[in-house]
Structure formats: structure tokens, C-alpha cells
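Each remark here refers to the structure printed beneath this line.
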Amino acid sequence: MNELKQFISYEKMSKYVADIIEDIFKKSFRMTFPKLVLPTGSTPLGLYDELVKRELDWSNITTFNLDEYVINPNHLQSYHNFMRMNLFDKTNIYPKNYNFPNRNTQAYEDKIKEKGGIDLCILGIGTNGHIAFNEPQTPRNSKTHVVDLTKNTIKDNSRFFDSVDEVPTQAITMGIDTIMKAKRIYLVAQGSHKKEILERAVHGEITPEVPASFLQEHPNCEVFYSD
Ligand code: PGA
């Protein structure tokens, strides 16, 4: 079951999640080095700044990103580039240890399994209730797959591009089942425009109309919010 924890500021929320990650890094050793799932978007920027400031040791960390556009990975707005600019290039993580989904969706699932599964998954939520690019109506049993982005998501994400026409129309995303298999999940959301959908996700009916509502069935999931 997930709880909704409200923070008095975005900064406090970012630090709180950074504390959790720092704690996991410090407690890990040898065979249990953490496997993390990481998001992109506006919300995790404060967290990534905080993690960079702490100069943690990422040399044994493996990460899997939640999703990526169908786009050249070197494009300025690719999630590869986002992660390199905001986190990876500012840490000592090895490029061979960060992973992004591509059209070979089964290989992504296999790699996660081969690494022993996900210890911690950090998620954002879209205003339509999507998690990663699992748009409304995505089935609960979905694995990593290629998606056509909805008009709503293309419009929301156009703020990162010069115009709405430049936003890719397809992406590759971890499925809901892939996410639900993580041992711990923290969903992080900022802004009053997310409040209504968060309430539905946490306290409303569990339905594919609100993909984040499936998280209610996860035994170890918490939801963090700040205005
Ligand atoms: P954000 O959205 O960019 O507001 O963090 C995250 C998402 O849409 O999943």
C-alpha cells in the first residue's frame, strides 16, 4: 500500500529521497550492489543535484532508465543526454553500467533479470496518471514495450522542445509489470497541477485509466509530493 507524504518544500523532498539513496549506497557491498531505476523530467532535477553534491561512489552502481524516446540518443532532448548532463557525467558511474531501453525490448527485460532485479525504483507521474510512458489503458501485465505517446503527453513534453511538432511521437518504456517487480518504489511529484491525479492514484480505484493506481498493490511503495 502506498502513503502520500507531503513535504513543505521541493528542496526538502529532494533531500529526503537523496538521503534514502545515500543510505542504500552506503549499506551495499559486493554481490548486493544496488540496481536502481531512474526517471527523467522536471521533478528529479533537485534530487540529481543533491546526489551530485554528495559525491557518492557510483562505481558499483547499475541503473536502468524508465524510458526513452524513439530518437537519436545523442539528440539534446534524448533521455540519454538528459541523464548524462544532469547526473551520470557528474558522478563516477561507468557508462557500461547505465542502461536505457531500446527497440530490443526483450533484451532490456533480460538484462534486468540477469542483474538480479531492481532494488529501488524512483518514479514520476504524468498529469494523466502515466508512470514512465505507460499511458492510460496500459495493461497491468505489460513489460518493456514501444508506445505511441498520447496528445496529452506530447503537449506536456513540448516545453523541452522548440515546438510541439519536434516532440517524438513514440517512446520505449518499461512496462507496469516491470516497474511493479522492483523491491521498493518511491513516486515523486511536484506541483499543484499533479495533486488531483496523485489523489486518484493513491486513494482512487485501481484502474488502467490511471496507471499509477496499480502502485496501490505494491507492498513497498511510498508517494512523495511538494507544491
Ligand atoms: P515531470 O513529469 O516532468 O513533471 O517530472 C514526469 C512524468 O510525466 O512522468
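Residue numbers start at 1 in each chain; chains themselves are named A, B, ... in the order of the C-alpha cells; ligands are numbered from 1 in the order shown.
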Check your understanding: Got a sec: who's within 8 Å of Ile179 (chain A), counting only C-alpha atoms, leaving out chain neighbours fewer than 4 positions off, as an MDAnalysis selection string?
Key -> chainID A and resid 121 174:175
Show me a table, sorted first by chain and then by increasing residue number, of the residues of chain A having an atom at most 9 Å from ligand 1, each with its shortest atom pair and the distance in Å to one decimal, counting only C-alpha atoms and all ligand atoms and written as a Markdown table.
| residue | atom | partner | partner_atom_place_in_ligand_line | distance |
| --- | --- | --- | --- | --- |
| A:Pro39 | CA | ligand 1 | 9 (O) | 7.5 |
| A:Thr40 | CA | ligand 1 | 5 (O) | 6.8 |
| A:Gly41 | CA | ligand 1 | 3 (O) | 3.4 |
| A:Ser42 | CA | ligand 1 | 3 (O) | 3.9 |
| A:Thr43 | CA | ligand 1 | 5 (O) | 3.7 |
| A:Pro44 | CA | ligand 1 | 5 (O) | 6.4 |
| A:Leu45 | CA | ligand 1 | 5 (O) | 8.4 |
| A:Leu123 | CA | ligand 1 | 9 (O) | 7.1 |
| A:Gly124 | CA | ligand 1 | 9 (O) | 4.3 |
| A:Ile125 | CA | ligand 1 | 9 (O) | 4.1 |
| A:Gly126 | CA | ligand 1 | 8 (O) | 3.5 |
| A:Thr127 | CA | ligand 1 | 8 (O) | 6.7 |
| A:Asn128 | CA | ligand 1 | 8 (O) | 8.3 |
| A:Gly129 | CA | ligand 1 | 8 (O) | 8.3 |
| A:His130 | CA | ligand 1 | 9 (O) | 6.4 |
| A:Ile131 | CA | ligand 1 | 9 (O) | 5.6 |
| A:Ala132 | CA | ligand 1 | 9 (O) | 5.4 |
| A:Phe133 | CA | ligand 1 | 9 (O) | 7.1 |
| A:Thr153 | CA | ligand 1 | 8 (O) | 7.3 |
| A:Asp156 | CA | ligand 1 | 8 (O) | 7.6 |
| A:Asn157 | CA | ligand 1 | 3 (O) | 7.4 |
| A:Val188 | CA | ligand 1 | 5 (O) | 8.0 |
| A:Ala189 | CA | ligand 1 | 5 (O) | 6.5 |
| A:Gln190 | CA | ligand 1 | 4 (O) | 6.8 |
| A:Gly191 | CA | ligand 1 | 4 (O) | 7.9 |
| A:Lys194 | CA | ligand 1 | 4 (O) | 8.0 |
Apply DSSP to the structure's backbone, then extract all residues of region 85-220 of chain A labelled strand (DSSP E or B) and return them as an mmCIF file with all heavy atoms, in the first residue's frame.
data_model
loop_
_atom_site.group_PDB
_atom_site.id
_atom_site.type_symbol
_atom_site.label_atom_id
_atom_site.label_comp_id
_atom_site.auth_asym_id
_atom_site.auth_seq_id
_atom_site.Cartn_x
_atom_site.Cartn_y
_atom_site.Cartn_z
ATOM 1 N N TYR A 98 25.104 2.029 -17.047
ATOM 2 C CA TYR A 98 23.778 2.643 -17.163
ATOM 3 C C TYR A 98 23.090 2.165 -18.438
ATOM 4 O O TYR A 98 23.708 2.019 -19.473
ATOM 5 C CB TYR A 98 23.771 4.160 -17.007
ATOM 6 C CG TYR A 98 24.707 5.009 -17.822
ATOM 7 C CD1 TYR A 98 24.473 5.255 -19.182
ATOM 8 C CD2 TYR A 98 25.782 5.643 -17.211
ATOM 9 C CE1 TYR A 98 25.311 6.097 -19.911
ATOM 10 C CE2 TYR A 98 26.616 6.479 -17.933
ATOM 11 C CZ TYR A 98 26.375 6.698 -19.278
ATOM 12 O OH TYR A 98 27.196 7.524 -19.990
ATOM 13 N N ASN A 99 21.821 1.885 -18.270
ATOM 14 C CA ASN A 99 21.065 1.213 -19.334
ATOM 15 C C ASN A 99 19.804 1.989 -19.696
ATOM 16 O O ASN A 99 19.145 2.542 -18.811
ATOM 17 C CB ASN A 99 20.638 -0.177 -18.850
ATOM 18 C CG ASN A 99 21.827 -1.041 -18.488
ATOM 19 O OD1 ASN A 99 22.450 -1.653 -19.347
ATOM 20 N ND2 ASN A 99 22.168 -1.084 -17.202
ATOM 21 N N LEU A 120 15.559 -0.547 -6.146
ATOM 22 C CA LEU A 120 14.852 0.702 -5.863
ATOM 23 C C LEU A 120 14.450 1.375 -7.167
ATOM 24 O O LEU A 120 15.285 1.532 -8.062
ATOM 25 C CB LEU A 120 15.798 1.635 -5.093
ATOM 26 C CG LEU A 120 15.288 3.032 -4.811
ATOM 27 C CD1 LEU A 120 14.125 2.990 -3.847
ATOM 28 C CD2 LEU A 120 16.406 3.879 -4.234
ATOM 29 N N CYS A 121 13.196 1.762 -7.251
ATOM 30 C CA CYS A 121 12.703 2.432 -8.461
ATOM 31 C C CYS A 121 12.166 3.805 -8.074
ATOM 32 O O CYS A 121 11.284 3.910 -7.219
ATOM 33 C CB CYS A 121 11.592 1.577 -9.078
ATOM 34 S SG CYS A 121 10.733 2.369 -10.449
ATOM 35 N N ILE A 122 12.728 4.852 -8.677
ATOM 36 C CA ILE A 122 12.214 6.210 -8.477
ATOM 37 C C ILE A 122 11.348 6.541 -9.695
ATOM 38 O O ILE A 122 11.792 6.368 -10.836
ATOM 39 C CB ILE A 122 13.365 7.250 -8.384
ATOM 40 C CG1 ILE A 122 14.449 6.828 -7.392
ATOM 41 C CG2 ILE A 122 12.808 8.631 -8.066
ATOM 42 C CD1 ILE A 122 14.078 6.880 -5.961
ATOM 43 N N LEU A 123 10.161 7.030 -9.423
ATOM 44 C CA LEU A 123 9.195 7.291 -10.498
ATOM 45 C C LEU A 123 8.682 8.717 -10.443
ATOM 46 O O LEU A 123 8.589 9.291 -9.364
ATOM 47 C CB LEU A 123 7.940 6.440 -10.287
ATOM 48 C CG LEU A 123 7.884 4.976 -10.621
ATOM 49 C CD1 LEU A 123 6.499 4.464 -10.241
ATOM 50 C CD2 LEU A 123 8.129 4.786 -12.107
ATOM 51 N N ILE A 131 2.886 6.380 -15.580
ATOM 52 C CA ILE A 131 4.178 6.159 -14.918
ATOM 53 C C ILE A 131 5.114 5.653 -16.010
ATOM 54 O O ILE A 131 4.738 4.799 -16.791
ATOM 55 C CB ILE A 131 4.102 5.188 -13.710
ATOM 56 C CG1 ILE A 131 3.285 3.937 -14.025
ATOM 57 C CG2 ILE A 131 3.579 5.896 -12.494
ATOM 58 C CD1 ILE A 131 3.278 2.896 -12.906
ATOM 59 N N ASN A 134 3.895 4.598 -19.601
ATOM 60 C CA ASN A 134 2.715 3.738 -19.589
ATOM 61 C C ASN A 134 1.495 4.634 -19.506
ATOM 62 O O ASN A 134 1.104 5.097 -18.422
ATOM 63 C CB ASN A 134 2.767 2.770 -18.409
ATOM 64 C CG ASN A 134 3.902 1.778 -18.562
ATOM 65 O OD1 ASN A 134 3.833 0.891 -19.419
ATOM 66 N ND2 ASN A 134 4.952 1.944 -17.774
ATOM 67 N N HIS A 145 8.061 -2.079 -23.636
ATOM 68 C CA HIS A 145 7.401 -2.066 -24.952
ATOM 69 C C HIS A 145 7.510 -0.689 -25.605
ATOM 70 O O HIS A 145 7.841 0.305 -24.952
ATOM 71 C CB HIS A 145 5.932 -2.479 -24.821
ATOM 72 C CG HIS A 145 5.117 -1.566 -23.944
ATOM 73 N ND1 HIS A 145 5.261 -1.502 -22.570
ATOM 74 C CD2 HIS A 145 4.149 -0.659 -24.244
ATOM 75 C CE1 HIS A 145 4.424 -0.611 -22.060
ATOM 76 N NE2 HIS A 145 3.745 -0.080 -23.055
ATOM 77 N N VAL A 146 7.215 -0.679 -26.909
ATOM 78 C CA VAL A 146 7.208 0.578 -27.675
ATOM 79 C C VAL A 146 5.808 1.172 -27.559
ATOM 80 O O VAL A 146 4.816 0.444 -27.638
ATOM 81 C CB VAL A 146 7.540 0.306 -29.162
ATOM 82 C CG1 VAL A 146 7.526 1.617 -29.970
ATOM 83 C CG2 VAL A 146 8.909 -0.374 -29.291
ATOM 84 N N VAL A 147 5.719 2.494 -27.322
ATOM 85 C CA VAL A 147 4.397 3.133 -27.195
ATOM 86 C C VAL A 147 4.248 4.315 -28.138
ATOM 87 O O VAL A 147 5.218 5.010 -28.433
ATOM 88 C CB VAL A 147 4.126 3.690 -25.773
ATOM 89 C CG1 VAL A 147 3.899 2.598 -24.777
ATOM 90 C CG2 VAL A 147 5.222 4.624 -25.315
ATOM 91 N N ASP A 148 3.005 4.543 -28.542
ATOM 92 C CA ASP A 148 2.652 5.793 -29.211
ATOM 93 C C ASP A 148 2.269 6.763 -28.104
ATOM 94 O O ASP A 148 1.405 6.439 -27.278
ATOM 95 C CB ASP A 148 1.436 5.586 -30.135
ATOM 96 C CG ASP A 148 1.790 4.686 -31.311
ATOM 97 O OD1 ASP A 148 2.947 4.761 -31.776
ATOM 98 O OD2 ASP A 148 0.914 3.917 -31.748
ATOM 99 N N GLN A 170 6.796 8.545 -30.513
ATOM 100 C CA GLN A 170 6.909 7.201 -29.937
ATOM 101 C C GLN A 170 8.017 7.163 -28.887
ATOM 102 O O GLN A 170 8.954 7.976 -28.924
ATOM 103 C CB GLN A 170 7.267 6.191 -31.018
ATOM 104 C CG GLN A 170 6.098 5.797 -31.895
ATOM 105 C CD GLN A 170 6.456 4.571 -32.711
ATOM 106 O OE1 GLN A 170 7.532 4.521 -33.304
ATOM 107 N NE2 GLN A 170 5.573 3.583 -32.727
ATOM 108 N N ALA A 171 7.883 6.219 -27.989
ATOM 109 C CA ALA A 171 8.914 6.014 -26.974
ATOM 110 C C ALA A 171 8.989 4.532 -26.647
ATOM 111 O O ALA A 171 8.115 3.752 -27.048
ATOM 112 C CB ALA A 171 8.568 6.816 -25.726
ATOM 113 N N ILE A 172 10.027 4.170 -25.903
ATOM 114 C CA ILE A 172 10.134 2.806 -25.387
ATOM 115 C C ILE A 172 10.099 2.933 -23.876
ATOM 116 O O ILE A 172 10.789 3.784 -23.303
ATOM 117 C CB ILE A 172 11.449 2.135 -25.834
ATOM 118 C CG1 ILE A 172 11.543 2.168 -27.358
ATOM 119 C CG2 ILE A 172 11.521 0.702 -25.331
ATOM 120 C CD1 ILE A 172 12.830 2.679 -27.857
ATOM 121 N N THR A 173 9.302 2.127 -23.241
ATOM 122 C CA THR A 173 9.126 2.263 -21.799
ATOM 123 C C THR A 173 9.137 0.917 -21.098
ATOM 124 O O THR A 173 8.712 -0.088 -21.668
ATOM 125 C CB THR A 173 7.790 2.981 -21.492
ATOM 126 O OG1 THR A 173 7.671 3.154 -20.081
ATOM 127 C CG2 THR A 173 6.568 2.215 -21.994
ATOM 128 N N ARG A 184 11.485 -1.864 -3.980
ATOM 129 C CA ARG A 184 10.940 -0.643 -3.350
ATOM 130 C C ARG A 184 10.661 0.362 -4.440
ATOM 131 O O ARG A 184 11.441 0.483 -5.398
ATOM 132 C CB ARG A 184 11.970 -0.008 -2.417
ATOM 133 C CG ARG A 184 12.153 -0.762 -1.132
ATOM 134 C CD ARG A 184 13.457 -0.355 -0.489
ATOM 135 N NE ARG A 184 13.340 0.885 0.265
ATOM 136 C CZ ARG A 184 14.351 1.428 0.939
ATOM 137 N NH1 ARG A 184 15.548 0.872 0.922
ATOM 138 N NH2 ARG A 184 14.189 2.535 1.603
ATOM 139 N N ILE A 185 9.601 1.137 -4.245
ATOM 140 C CA ILE A 185 9.254 2.179 -5.219
ATOM 141 C C ILE A 185 8.981 3.489 -4.478
ATOM 142 O O ILE A 185 8.257 3.503 -3.475
ATOM 143 C CB ILE A 185 8.000 1.795 -6.043
ATOM 144 C CG1 ILE A 185 8.229 0.491 -6.811
ATOM 145 C CG2 ILE A 185 7.616 2.918 -7.004
ATOM 146 C CD1 ILE A 185 7.016 0.006 -7.609
ATOM 147 N N TYR A 186 9.552 4.578 -4.982
ATOM 148 C CA TYR A 186 9.201 5.912 -4.498
ATOM 149 C C TYR A 186 8.708 6.719 -5.681
ATOM 150 O O TYR A 186 9.445 6.898 -6.655
ATOM 151 C CB TYR A 186 10.405 6.611 -3.870
ATOM 152 C CG TYR A 186 10.896 5.910 -2.632
ATOM 153 C CD1 TYR A 186 12.013 5.093 -2.672
ATOM 154 C CD2 TYR A 186 10.199 6.031 -1.428
ATOM 155 C CE1 TYR A 186 12.442 4.414 -1.539
ATOM 156 C CE2 TYR A 186 10.620 5.353 -0.296
ATOM 157 C CZ TYR A 186 11.737 4.557 -0.361
ATOM 158 O OH TYR A 186 12.152 3.886 0.752
ATOM 159 N N LEU A 187 7.481 7.173 -5.596
ATOM 160 C CA LEU A 187 6.954 8.055 -6.641
ATOM 161 C C LEU A 187 7.095 9.488 -6.133
ATOM 162 O O LEU A 187 6.680 9.794 -5.009
ATOM 163 C CB LEU A 187 5.488 7.721 -6.934
ATOM 164 C CG LEU A 187 4.882 8.452 -8.137
ATOM 165 C CD1 LEU A 187 3.769 7.618 -8.766
ATOM 166 C CD2 LEU A 187 4.322 9.809 -7.768
ATOM 167 N N VAL A 188 7.704 10.347 -6.937
ATOM 168 C CA VAL A 188 7.987 11.715 -6.525
ATOM 169 C C VAL A 188 7.271 12.671 -7.476
ATOM 170 O O VAL A 188 7.405 12.545 -8.698
ATOM 171 C CB VAL A 188 9.518 11.977 -6.561
ATOM 172 C CG1 VAL A 188 9.841 13.340 -5.999
ATOM 173 C CG2 VAL A 188 10.271 10.892 -5.796
ATOM 174 N N ALA A 189 6.509 13.614 -6.908
ATOM 175 C CA ALA A 189 5.767 14.557 -7.756
ATOM 176 C C ALA A 189 5.844 15.954 -7.188
ATOM 177 O O ALA A 189 5.797 16.140 -5.969
ATOM 178 C CB ALA A 189 4.310 14.126 -7.857
ATOM 179 N N GLN A 190 5.971 16.923 -8.065
ATOM 180 C CA GLN A 190 5.985 18.314 -7.625
ATOM 181 C C GLN A 190 4.971 19.135 -8.405
ATOM 182 O O GLN A 190 4.849 18.961 -9.631
ATOM 183 C CB GLN A 190 7.363 18.944 -7.841
ATOM 184 C CG GLN A 190 7.416 20.343 -7.267
ATOM 185 C CD GLN A 190 8.385 21.268 -7.985
ATOM 186 O OE1 GLN A 190 8.915 20.921 -9.046
ATOM 187 N NE2 GLN A 190 8.580 22.427 -7.430
#
Exercise for review: Can you pull out every residue within 10 Å of region 111-116 of chain A, counting only C-alpha atoms, but drop anything in the same chain fewer than 6 positions away, and send it as a PyMOL selection string?
Suggested key: chain A and resi 31-35+37+62-64+99+178
Check your understanding: Quick one: of A:Ile20, A:Leu36, A:Ile154, A:Leu215, who's nearest to Met180 (chain A), counting only C-alpha atoms?
Key ->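 Nearest to Met180 (chain A): A:Leu215.
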Exercise for review: Have a look at CA of Glu166 (chain A) and CA of Tyr69 (chain A) and let me know their distance in Å, one decimal.
Suggested key: 11.7 Å
Point to revise | Minimum-distance residue to Lys26 (chain A), chosen among A:Ile176, A:Leu56, A:Leu47, A:Met13 (using only C-alpha atoms) | key: A:Leu56
